[in-house]
Amino acid sequence: MAASSSSRSAATSAITAALLVVASLCVHGAAAQLCEDYYDDTCPDAYDITRQVLIDAHQSDTRIFASLIRLHFHDCFVQGCDGSLLLDSVPGMPSEKTSPPNNGSARGFPVVDAVKAALEDACPGIVSCADILALAAEISVELSGGPSWSVLFGRLDGKTSDFNGSLNLPAPTDNLTVLRSKFNDLELNDVDLVALSGGHTFGRVQCQLVTDRLYNFSNTNMPDPTLDPAYRDFLSQRCPRNGDPTALNDLDPTTPDTFDKNYYTNIEVNRGFLNSDQELKSAAEAQGTTAPIVDQFASSQDDFFRSFAQSMINMGNLSPVTDPSLGEVRTNCKKVN
Ligand code: HEM
C-alpha cells in the first residue's frame with residue numbers, strides 16, 4: 001500500500017511538473033494563451049522602458065498611476081482586454097472613450113501613447129496596446145506601494161471600439177445586486193469584485209458622483225444614511241449643492257496616492273466615497289457575501305494584496321484576442337493599422 005501510494009504521488013508530481021513546463025511555454029497563434037515570457041525574446045526591455053515612461057509622467061502628474069489602472073479596467077470590461085478603449089472615433093464607430101463613463105473622466109491616454117512610442121522605437125510592431133495597459137497597471141500599483149505580480153502577455157489589439165458596451169460598465173450608483181451580476185457575467189466572483197474595488201485606494205473622483213449621496217439619496221431629499229456624518233460634513237464643504245460638479249476629491253482621503261488597505265478601513269467606518277463602494281459592506285445582501293471579504297481585507301493588507309494581484313490577472317484574462325486573423329499589434333494605439 002505504502003509503495004503504491006508513494007509511486008502514485010511520484011507520478012502526480014511528474015505530471016504536475018510537466019504541466020508547469022507546458023504552462024510556461026509561450027504558444028503564438030490562434031490557440032494561444034497569455035503567458036509571462038511572451039516578449040522575452042522580442043522586446044526584453046518592455047518592462048523597464050514602460051516603467052521609465054511612467055516614472056517620468058508621474059513627476060508632473062501624481063494622479064497618473066491611478067488613472068492608468070482604471071484604463072485597463074475599462075478596457076477589459078468592454079469586449080475583453082483588446083485595447084478597444086484606446087481607439088479614436090471614426091465615422092460609423094464612436095469610440096468607448098466618448099461614452100458617458102469615460103468622457104471627461106478616463107484619463108492618461110497621452111501617457112499610453114508615450115509608452116507606445118518608446119516601445120515602437122525599441123522593438124517596432126511587437127508590443128500591443130492592450131498589453132501596454134496591463135503592464136502599465138501593474139507598474140502603477142507597484143510604484144504606489146502595492147503588490148507586484150507577473151503580468152501575462154500576448155493580447156492582440158482588436159479592430160473595433162464598442163461605445164454601447166461601455167454604457168454597461170459598473171456604475172457608481174449601482175447597488176450590490178447589479179455590481180455582483182456585472183462581475184459574475186464576466187465570471188468574476190465576489191472576491192474579485194471586492195479586491196478590484198480596492199483600486200479605489202488611490203486616485204480622484206468628481207463631486208457630481210457624490211452629490212446624490214450628500215443631498216438627495218434615492219430621491220429622498222436627505223443624505224445617504226450609511227454615510228458617516230463627519231465625512232458627510234467634510235464632503236459637503238468640498239462639494240456644495242451648487243458647486244463645481246467636476247471638482248476633484250480623493251477616493252481615499254487617508255492616503256490619497258498610496259496603494260494600501262485603507263479603502264477597506266474607510267468602508268468599515270462608513271467612509272466609502274461612492275455608493276458602489278459602501279454597498280460592499282453596508283447593503284443587506286453584503287452580509288454573508290461581500291462584507292466578510294471587506295472585513296478580511298481591512299484587517300490584513302497581505303490578504304488584500306494577494307487577492308488583488310490574482311484578481312488583476314483574472315481581469316486581464318478577459319476575452320483576449322490571440323488569433324492573428326482577428327487582431328493586430330497597432331502601431332498607433334488610437335487607430336487600427
Ligand atoms: C466596482 C465597480 C466600479 C465602479 C462603479 C467604479 C466607479 C468609478 C468612478 C465613478 C470613478 C470616478 C470617475 C470620475 O470622477 O471621473 C472611479 C475612479 C477610479 N476607479 Fe473605479 N469603479 C469601479 C471599479 C474599479 C476597478 C475594478 C478599478 C481598478 C482595478 C478601479 C479603479 C479606479 C481608479 C484608480 C480611479 C481613479 C482614477 C483617476 O484618478 O484618474 N475602479 N471609479
# chains A, B, ... in the order shown; residues from 1 in each chain; ligands from 1
call {"tool": "closest_atom_pairs", "arguments": {"of": "range 293-314 of chain A", "to": "range 263-273 of chain A", "cutoff": "7 Å", "atoms": "only C-alpha atoms", "output": "JSON lines"}}
result
{"residue": "A:Val294", "atom": "CA", "partner": "A:Tyr264", "partner_atom": "CA", "distance": 5.9}
{"residue": "A:Phe297", "atom": "CA", "partner": "A:Tyr264", "partner_atom": "CA", "distance": 6.5}
{"residue": "A:Ala298", "atom": "CA", "partner": "A:Tyr264", "partner_atom": "CA", "distance": 4.8}
call {"tool": "write_last_selection", "arguments": {"atoms": "N, CA and C atoms", "output": "PDB file, in the first residue's frame"}}
result
ATOM      1  N   VAL A 294     -14.656  42.342   2.794  1.00  0.00           N
ATOM      2  CA  VAL A 294     -14.203  43.693   3.169  1.00  0.00           C
ATOM      3  C   VAL A 294     -13.522  43.632   4.538  1.00  0.00           C
ATOM      4  N   PHE A 297     -10.017  42.080   4.278  1.00  0.00           N
ATOM      5  CA  PHE A 297      -9.006  42.954   3.675  1.00  0.00           C
ATOM      6  C   PHE A 297      -8.708  44.159   4.578  1.00  0.00           C
ATOM      7  N   ALA A 298      -9.716  44.613   5.350  1.00  0.00           N
ATOM      8  CA  ALA A 298      -9.472  45.735   6.270  1.00  0.00           C
ATOM      9  C   ALA A 298      -8.511  45.306   7.372  1.00  0.00           C
TER      10      ALA A 298
END
call {"tool": "residues_near_ligand", "arguments": {"ligand": "ligand 1", "cutoff": "8 Å", "atoms": "only C-alpha atoms and all ligand atoms", "output": "PyMOL selection string"}}
result
chain A and resi 63-70+72-73+101-102+104-108+169-174+179+193-209+246+248+251+274+276-277+312
call {"tool": "write_last_selection", "arguments": {"atoms": "C-alpha atoms", "output": "PDB file, in the first residue's frame"}}
result
ATOM      1  CA  ARG A  63      -2.586  61.001 -10.218  1.00  0.00           C
ATOM      2  CA  ILE A  64      -1.328  59.193 -13.300  1.00  0.00           C
ATOM      3  CA  PHE A  65      -0.807  55.760 -11.723  1.00  0.00           C
ATOM      4  CA  ALA A  66      -4.440  55.632 -10.611  1.00  0.00           C
ATOM      5  CA  SER A  67      -5.644  56.840 -13.995  1.00  0.00           C
ATOM      6  CA  LEU A  68      -3.686  54.142 -15.826  1.00  0.00           C
ATOM      7  CA  ILE A  69      -5.010  51.193 -13.831  1.00  0.00           C
ATOM      8  CA  ARG A  70      -8.534  52.438 -14.446  1.00  0.00           C
ATOM      9  CA  HIS A  72      -7.036  48.670 -18.019  1.00  0.00           C
ATOM     10  CA  PHE A  73     -10.281  48.029 -16.102  1.00  0.00           C
ATOM     11  CA  PRO A 101     -18.456  56.593 -18.171  1.00  0.00           C
ATOM     12  CA  ASN A 102     -15.229  57.668 -19.908  1.00  0.00           C
ATOM     13  CA  GLY A 104     -14.290  63.771 -19.163  1.00  0.00           C
ATOM     14  CA  SER A 105     -13.317  61.053 -16.715  1.00  0.00           C
ATOM     15  CA  ALA A 106     -10.959  58.403 -18.130  1.00  0.00           C
ATOM     16  CA  ARG A 107      -7.518  59.927 -18.494  1.00  0.00           C
ATOM     17  CA  GLY A 108      -3.891  59.018 -19.100  1.00  0.00           C
ATOM     18  CA  LEU A 169     -19.657  49.381 -17.215  1.00  0.00           C
ATOM     19  CA  PRO A 170     -20.231  49.121 -13.453  1.00  0.00           C
ATOM     20  CA  ALA A 171     -21.680  52.473 -12.357  1.00  0.00           C
ATOM     21  CA  PRO A 172     -21.136  54.398  -9.121  1.00  0.00           C
ATOM     22  CA  THR A 173     -24.882  54.332  -8.448  1.00  0.00           C
ATOM     23  CA  ASP A 174     -25.168  50.547  -8.930  1.00  0.00           C
ATOM     24  CA  LEU A 179     -22.437  45.044  -9.248  1.00  0.00           C
ATOM     25  CA  LEU A 193     -15.383  42.360  -7.005  1.00  0.00           C
ATOM     26  CA  VAL A 194     -14.192  43.315  -3.519  1.00  0.00           C
ATOM     27  CA  ALA A 195     -10.475  43.062  -4.316  1.00  0.00           C
ATOM     28  CA  LEU A 196     -10.664  45.013  -7.570  1.00  0.00           C
ATOM     29  CA  SER A 197     -12.807  47.713  -5.978  1.00  0.00           C
ATOM     30  CA  GLY A 198      -9.741  48.215  -3.768  1.00  0.00           C
ATOM     31  CA  GLY A 199      -8.361  50.056  -6.811  1.00  0.00           C
ATOM     32  CA  HIS A 200     -10.179  52.978  -5.182  1.00  0.00           C
ATOM     33  CA  THR A 201      -7.364  53.192  -2.640  1.00  0.00           C
ATOM     34  CA  PHE A 202      -5.888  55.920  -4.819  1.00  0.00           C
ATOM     35  CA  GLY A 203      -6.947  58.419  -7.460  1.00  0.00           C
ATOM     36  CA  ARG A 204      -9.557  61.141  -7.703  1.00  0.00           C
ATOM     37  CA  VAL A 205     -13.276  61.401  -8.131  1.00  0.00           C
ATOM     38  CA  GLN A 206     -15.560  64.245  -9.189  1.00  0.00           C
ATOM     39  CA  CYS A 207     -18.079  65.907  -6.875  1.00  0.00           C
ATOM     40  CA  GLN A 208     -21.003  65.113  -9.180  1.00  0.00           C
ATOM     41  CA  LEU A 209     -20.626  61.450  -8.256  1.00  0.00           C
ATOM     42  CA  THR A 246     -16.226  68.409 -11.745  1.00  0.00           C
ATOM     43  CA  LEU A 248     -11.955  66.627  -7.553  1.00  0.00           C
ATOM     44  CA  LEU A 251     -11.075  58.452  -3.327  1.00  0.00           C
ATOM     45  CA  LEU A 274     -19.218  56.066  -3.991  1.00  0.00           C
ATOM     46  CA  SER A 276     -20.900  51.265  -5.105  1.00  0.00           C
ATOM     47  CA  ASP A 277     -18.039  51.309  -2.566  1.00  0.00           C
ATOM     48  CA  MET A 312      -5.933  41.638 -11.725  1.00  0.00           C
TER      49      MET A 312
END
call {"tool": "closest_residue", "arguments": {"among": "A:Glu96, A:Glu36, A:Asp295, A:Asp257", "to": "Ser161 in chain A", "atoms": "only C-alpha atoms"}}
result
A:Glu96
call {"tool": "residues_around", "arguments": {"residues": "Asp190 in chain A", "least_positions_apart": "2", "cutoff": "10 Å", "atoms": "only C-alpha atoms", "output": "PyMOL selection string"}}
result
chain A and resi 179-181+183-184+187-188+192-196+280+286+289-291+293
call {"tool": "write_last_selection", "arguments": {"atoms": "N, CA, C and O atoms", "output": "mmCIF file, in the first residue's frame"}}
result
data_model
loop_
_atom_site.group_PDB
_atom_site.id
_atom_site.type_symbol
_atom_site.label_atom_id
_atom_site.label_comp_id
_atom_site.auth_asym_id
_atom_site.auth_seq_id
_atom_site.Cartn_x
_atom_site.Cartn_y
_atom_site.Cartn_z
ATOM 1 N N LEU A 179 -23.900 45.172 -9.173
ATOM 2 C CA LEU A 179 -22.437 45.044 -9.248
ATOM 3 C C LEU A 179 -22.039 43.575 -9.338
ATOM 4 O O LEU A 179 -21.218 43.182 -10.171
ATOM 5 N N ARG A 180 -22.651 42.757 -8.467
ATOM 6 C CA ARG A 180 -22.289 41.329 -8.477
ATOM 7 C C ARG A 180 -22.643 40.703 -9.814
ATOM 8 O O ARG A 180 -21.895 39.886 -10.341
ATOM 9 N N SER A 181 -23.777 41.104 -10.365
ATOM 10 C CA SER A 181 -24.151 40.444 -11.620
ATOM 11 C C SER A 181 -23.279 40.935 -12.784
ATOM 12 O O SER A 181 -22.917 40.138 -13.648
ATOM 13 N N PHE A 183 -20.143 41.670 -12.561
ATOM 14 C CA PHE A 183 -18.880 40.922 -12.421
ATOM 15 C C PHE A 183 -19.097 39.441 -12.761
ATOM 16 O O PHE A 183 -18.300 38.837 -13.482
ATOM 17 N N ASN A 184 -20.195 38.881 -12.233
ATOM 18 C CA ASN A 184 -20.451 37.448 -12.494
ATOM 19 C C ASN A 184 -20.624 37.165 -13.975
ATOM 20 O O ASN A 184 -20.219 36.101 -14.452
ATOM 21 N N GLU A 187 -17.598 36.164 -15.267
ATOM 22 C CA GLU A 187 -17.001 35.087 -14.470
ATOM 23 C C GLU A 187 -16.007 35.602 -13.434
ATOM 24 O O GLU A 187 -15.019 34.943 -13.119
ATOM 25 N N LEU A 188 -16.288 36.792 -12.923
ATOM 26 C CA LEU A 188 -15.512 37.311 -11.801
ATOM 27 C C LEU A 188 -16.399 37.202 -10.563
ATOM 28 O O LEU A 188 -17.573 37.578 -10.599
ATOM 29 N N ASP A 192 -13.212 38.775 -6.413
ATOM 30 C CA ASP A 192 -12.719 39.678 -7.467
ATOM 31 C C ASP A 192 -13.367 41.052 -7.333
ATOM 32 O O ASP A 192 -12.685 42.088 -7.426
ATOM 33 N N LEU A 193 -14.676 41.080 -7.123
ATOM 34 C CA LEU A 193 -15.383 42.360 -7.005
ATOM 35 C C LEU A 193 -14.814 43.190 -5.851
ATOM 36 O O LEU A 193 -14.503 44.381 -6.017
ATOM 37 N N VAL A 194 -14.658 42.560 -4.686
ATOM 38 C CA VAL A 194 -14.192 43.315 -3.519
ATOM 39 C C VAL A 194 -12.720 43.700 -3.684
ATOM 40 O O VAL A 194 -12.330 44.842 -3.410
ATOM 41 N N ALA A 195 -11.915 42.764 -4.171
ATOM 42 C CA ALA A 195 -10.475 43.062 -4.316
ATOM 43 C C ALA A 195 -10.248 44.150 -5.356
ATOM 44 O O ALA A 195 -9.504 45.112 -5.119
ATOM 45 N N LEU A 196 -10.904 44.030 -6.500
ATOM 46 C CA LEU A 196 -10.664 45.013 -7.570
ATOM 47 C C LEU A 196 -11.209 46.389 -7.201
ATOM 48 O O LEU A 196 -10.637 47.416 -7.585
ATOM 49 N N LEU A 280 -20.579 47.411 -0.722
ATOM 50 C CA LEU A 280 -19.837 46.160 -0.481
ATOM 51 C C LEU A 280 -19.871 45.755 0.989
ATOM 52 O O LEU A 280 -19.716 44.584 1.332
ATOM 53 N N ALA A 286 -24.939 42.311 1.309
ATOM 54 C CA ALA A 286 -23.493 42.154 1.564
ATOM 55 C C ALA A 286 -23.217 41.241 2.747
ATOM 56 O O ALA A 286 -22.143 40.624 2.825
ATOM 57 N N THR A 289 -21.927 37.826 2.149
ATOM 58 C CA THR A 289 -21.338 37.735 0.796
ATOM 59 C C THR A 289 -20.069 38.592 0.730
ATOM 60 O O THR A 289 -18.973 38.095 0.980
ATOM 61 N N THR A 290 -20.241 39.886 0.435
ATOM 62 C CA THR A 290 -19.045 40.721 0.254
ATOM 63 C C THR A 290 -18.525 41.355 1.558
ATOM 64 O O THR A 290 -17.326 41.623 1.668
ATOM 65 N N ALA A 291 -19.421 41.580 2.533
ATOM 66 C CA ALA A 291 -18.981 42.265 3.766
ATOM 67 C C ALA A 291 -17.854 41.497 4.479
ATOM 68 O O ALA A 291 -16.877 42.121 4.917
ATOM 69 N N ILE A 293 -15.584 39.776 3.218
ATOM 70 C CA ILE A 293 -14.336 39.946 2.441
ATOM 71 C C ILE A 293 -13.758 41.340 2.699
ATOM 72 O O ILE A 293 -12.548 41.512 2.854
#
call {"tool": "select_by_dssp", "arguments": {"residues": "range 102-305 of chain A", "states": "strand (DSSP E)", "output": "count of residues only"}}
result
6
call {"tool": "atom_distance", "arguments": {"atom1": "CA of Gly80 in chain A", "atom2": "CA of Val329 in chain A"}}
result
15.6 Å
call {"tool": "atom_distance", "arguments": {"atom1": "CA of Trp149 in chain A", "atom2": "CA of Ala122 in chain A"}}
result
23.8 Å
call {"tool": "closest_residue", "arguments": {"among": "A:Asp75, A:Asp131, A:Asp162, A:Asp45", "to": "Ser95 in chain A", "atoms": "only C-alpha atoms"}}
result
A:Asp162
call {"tool": "closest_residue", "arguments": {"among": "A:Leu85, A:Ser311, A:Asn275, A:Asp252", "to": "Asp212 in chain A", "atoms": "only C-alpha atoms"}}
result
A:Asn275
call {"tool": "residues_around", "arguments": {"residues": "range 151-156 of chain A", "least_positions_apart": "2", "cutoff": "9 Å", "atoms": "only C-alpha atoms", "output": "ChimeraX atom specification"}}
result
/A:26,28,32-39,81-83,127-131,134-135,138,148-149,158,312-313,316-317,320-324,326-330
call {"tool": "write_last_selection", "arguments": {"atoms": "C-alpha atoms", "output": "PDB file, in the first residue's frame"}}
result
ATOM      1  CA  CYS A  26       4.528  30.651 -24.892  1.00  0.00           C
ATOM      2  CA  HIS A  28       1.730  32.017 -30.514  1.00  0.00           C
ATOM      3  CA  ALA A  32      -2.510  30.790 -27.850  1.00  0.00           C
ATOM      4  CA  GLN A  33      -2.937  31.625 -24.201  1.00  0.00           C
ATOM      5  CA  LEU A  34      -1.452  34.615 -22.456  1.00  0.00           C
ATOM      6  CA  CYS A  35       1.933  33.976 -20.884  1.00  0.00           C
ATOM      7  CA  GLU A  36       4.571  35.648 -18.825  1.00  0.00           C
ATOM      8  CA  ASP A  37       7.563  35.380 -21.160  1.00  0.00           C
ATOM      9  CA  TYR A  38       5.785  36.439 -24.365  1.00  0.00           C
ATOM     10  CA  TYR A  39       8.141  39.374 -25.024  1.00  0.00           C
ATOM     11  CA  CYS A  81      -8.772  43.336 -22.916  1.00  0.00           C
ATOM     12  CA  ASP A  82      -8.290  44.325 -26.540  1.00  0.00           C
ATOM     13  CA  GLY A  83      -7.307  47.997 -26.458  1.00  0.00           C
ATOM     14  CA  VAL A 127       4.021  45.118 -28.071  1.00  0.00           C
ATOM     15  CA  SER A 128       0.249  45.516 -28.329  1.00  0.00           C
ATOM     16  CA  CYS A 129      -1.636  48.444 -26.824  1.00  0.00           C
ATOM     17  CA  ALA A 130      -3.798  46.030 -24.814  1.00  0.00           C
ATOM     18  CA  ASP A 131      -0.657  44.557 -23.244  1.00  0.00           C
ATOM     19  CA  ALA A 134      -1.949  45.523 -18.462  1.00  0.00           C
ATOM     20  CA  LEU A 135       1.725  46.265 -17.876  1.00  0.00           C
ATOM     21  CA  GLU A 138       0.947  46.519 -12.701  1.00  0.00           C
ATOM     22  CA  SER A 148       3.654  43.213  -7.802  1.00  0.00           C
ATOM     23  CA  TRP A 149       2.651  40.273  -9.956  1.00  0.00           C
ATOM     24  CA  GLY A 158      -8.867  44.393 -31.582  1.00  0.00           C
ATOM     25  CA  MET A 312      -5.933  41.638 -11.725  1.00  0.00           C
ATOM     26  CA  ILE A 313      -4.697  38.536 -13.545  1.00  0.00           C
ATOM     27  CA  GLY A 316      -6.521  40.694 -17.549  1.00  0.00           C
ATOM     28  CA  ASN A 317      -7.597  37.308 -18.899  1.00  0.00           C
ATOM     29  CA  PRO A 320      -8.065  38.336 -25.025  1.00  0.00           C
ATOM     30  CA  VAL A 321      -7.675  38.333 -28.795  1.00  0.00           C
ATOM     31  CA  THR A 322      -4.862  35.917 -29.645  1.00  0.00           C
ATOM     32  CA  ASP A 323      -5.885  34.855 -33.150  1.00  0.00           C
ATOM     33  CA  PRO A 324      -3.858  36.942 -35.635  1.00  0.00           C
ATOM     34  CA  LEU A 326      -8.858  38.749 -35.528  1.00  0.00           C
ATOM     35  CA  GLY A 327      -6.349  41.195 -34.100  1.00  0.00           C
ATOM     36  CA  GLU A 328      -3.094  43.021 -34.663  1.00  0.00           C
ATOM     37  CA  VAL A 329      -0.368  44.954 -32.907  1.00  0.00           C
ATOM     38  CA  ARG A 330      -1.380  48.527 -33.537  1.00  0.00           C
TER      39      ARG A 330
END
call {"tool": "residues_around", "arguments": {"residues": "range 91-93 of chain A", "least_positions_apart": "6", "cutoff": "12 Å", "atoms": "only C-alpha atoms", "output": "MDAnalysis selection string"}}
result
chainID A and resid 84 99 159:164 335
call {"tool": "write_last_selection", "arguments": {"atoms": "C-alpha atoms", "output": "compact mmCIF listing (two decimals), in the first residue's frame"}}
result
# COMPACT_ATOMS: atom_id res chain seq x y z
CA SER A 84 -10.81 48.93 -27.65
CA SER A 99 -19.19 57.34 -23.80
CA LYS A 159 -10.15 46.38 -34.50
CA THR A 160 -13.36 47.80 -33.04
CA SER A 161 -14.45 50.02 -30.20
CA ASP A 162 -17.80 49.31 -28.53
CA PHE A 163 -19.47 52.55 -27.41
CA ASN A 164 -22.70 50.79 -26.41
CA LYS A 335 -6.28 53.74 -34.70
call {"tool": "closest_residue", "arguments": {"among": "A:Val336, A:Cys239, A:Leu119, A:Leu133", "to": "Gln52 in chain A", "atoms": "only C-alpha atoms"}}
result
A:Leu119
call {"tool": "closest_residue", "arguments": {"among": "A:Thr50, A:Thr98, A:Ala136, A:Asn189", "to": "Ala118 in chain A", "atoms": "only C-alpha atoms"}}
result
A:Thr50
call {"tool": "select_by_dssp", "arguments": {"residues": "range 63-271 of chain A", "states": "alpha helix (DSSP H)", "output": "ChimeraX atom specification"}}
result
/A:64-76,109-122,129-143,163-166,176-184,190-197,211-215,229-238,262-268
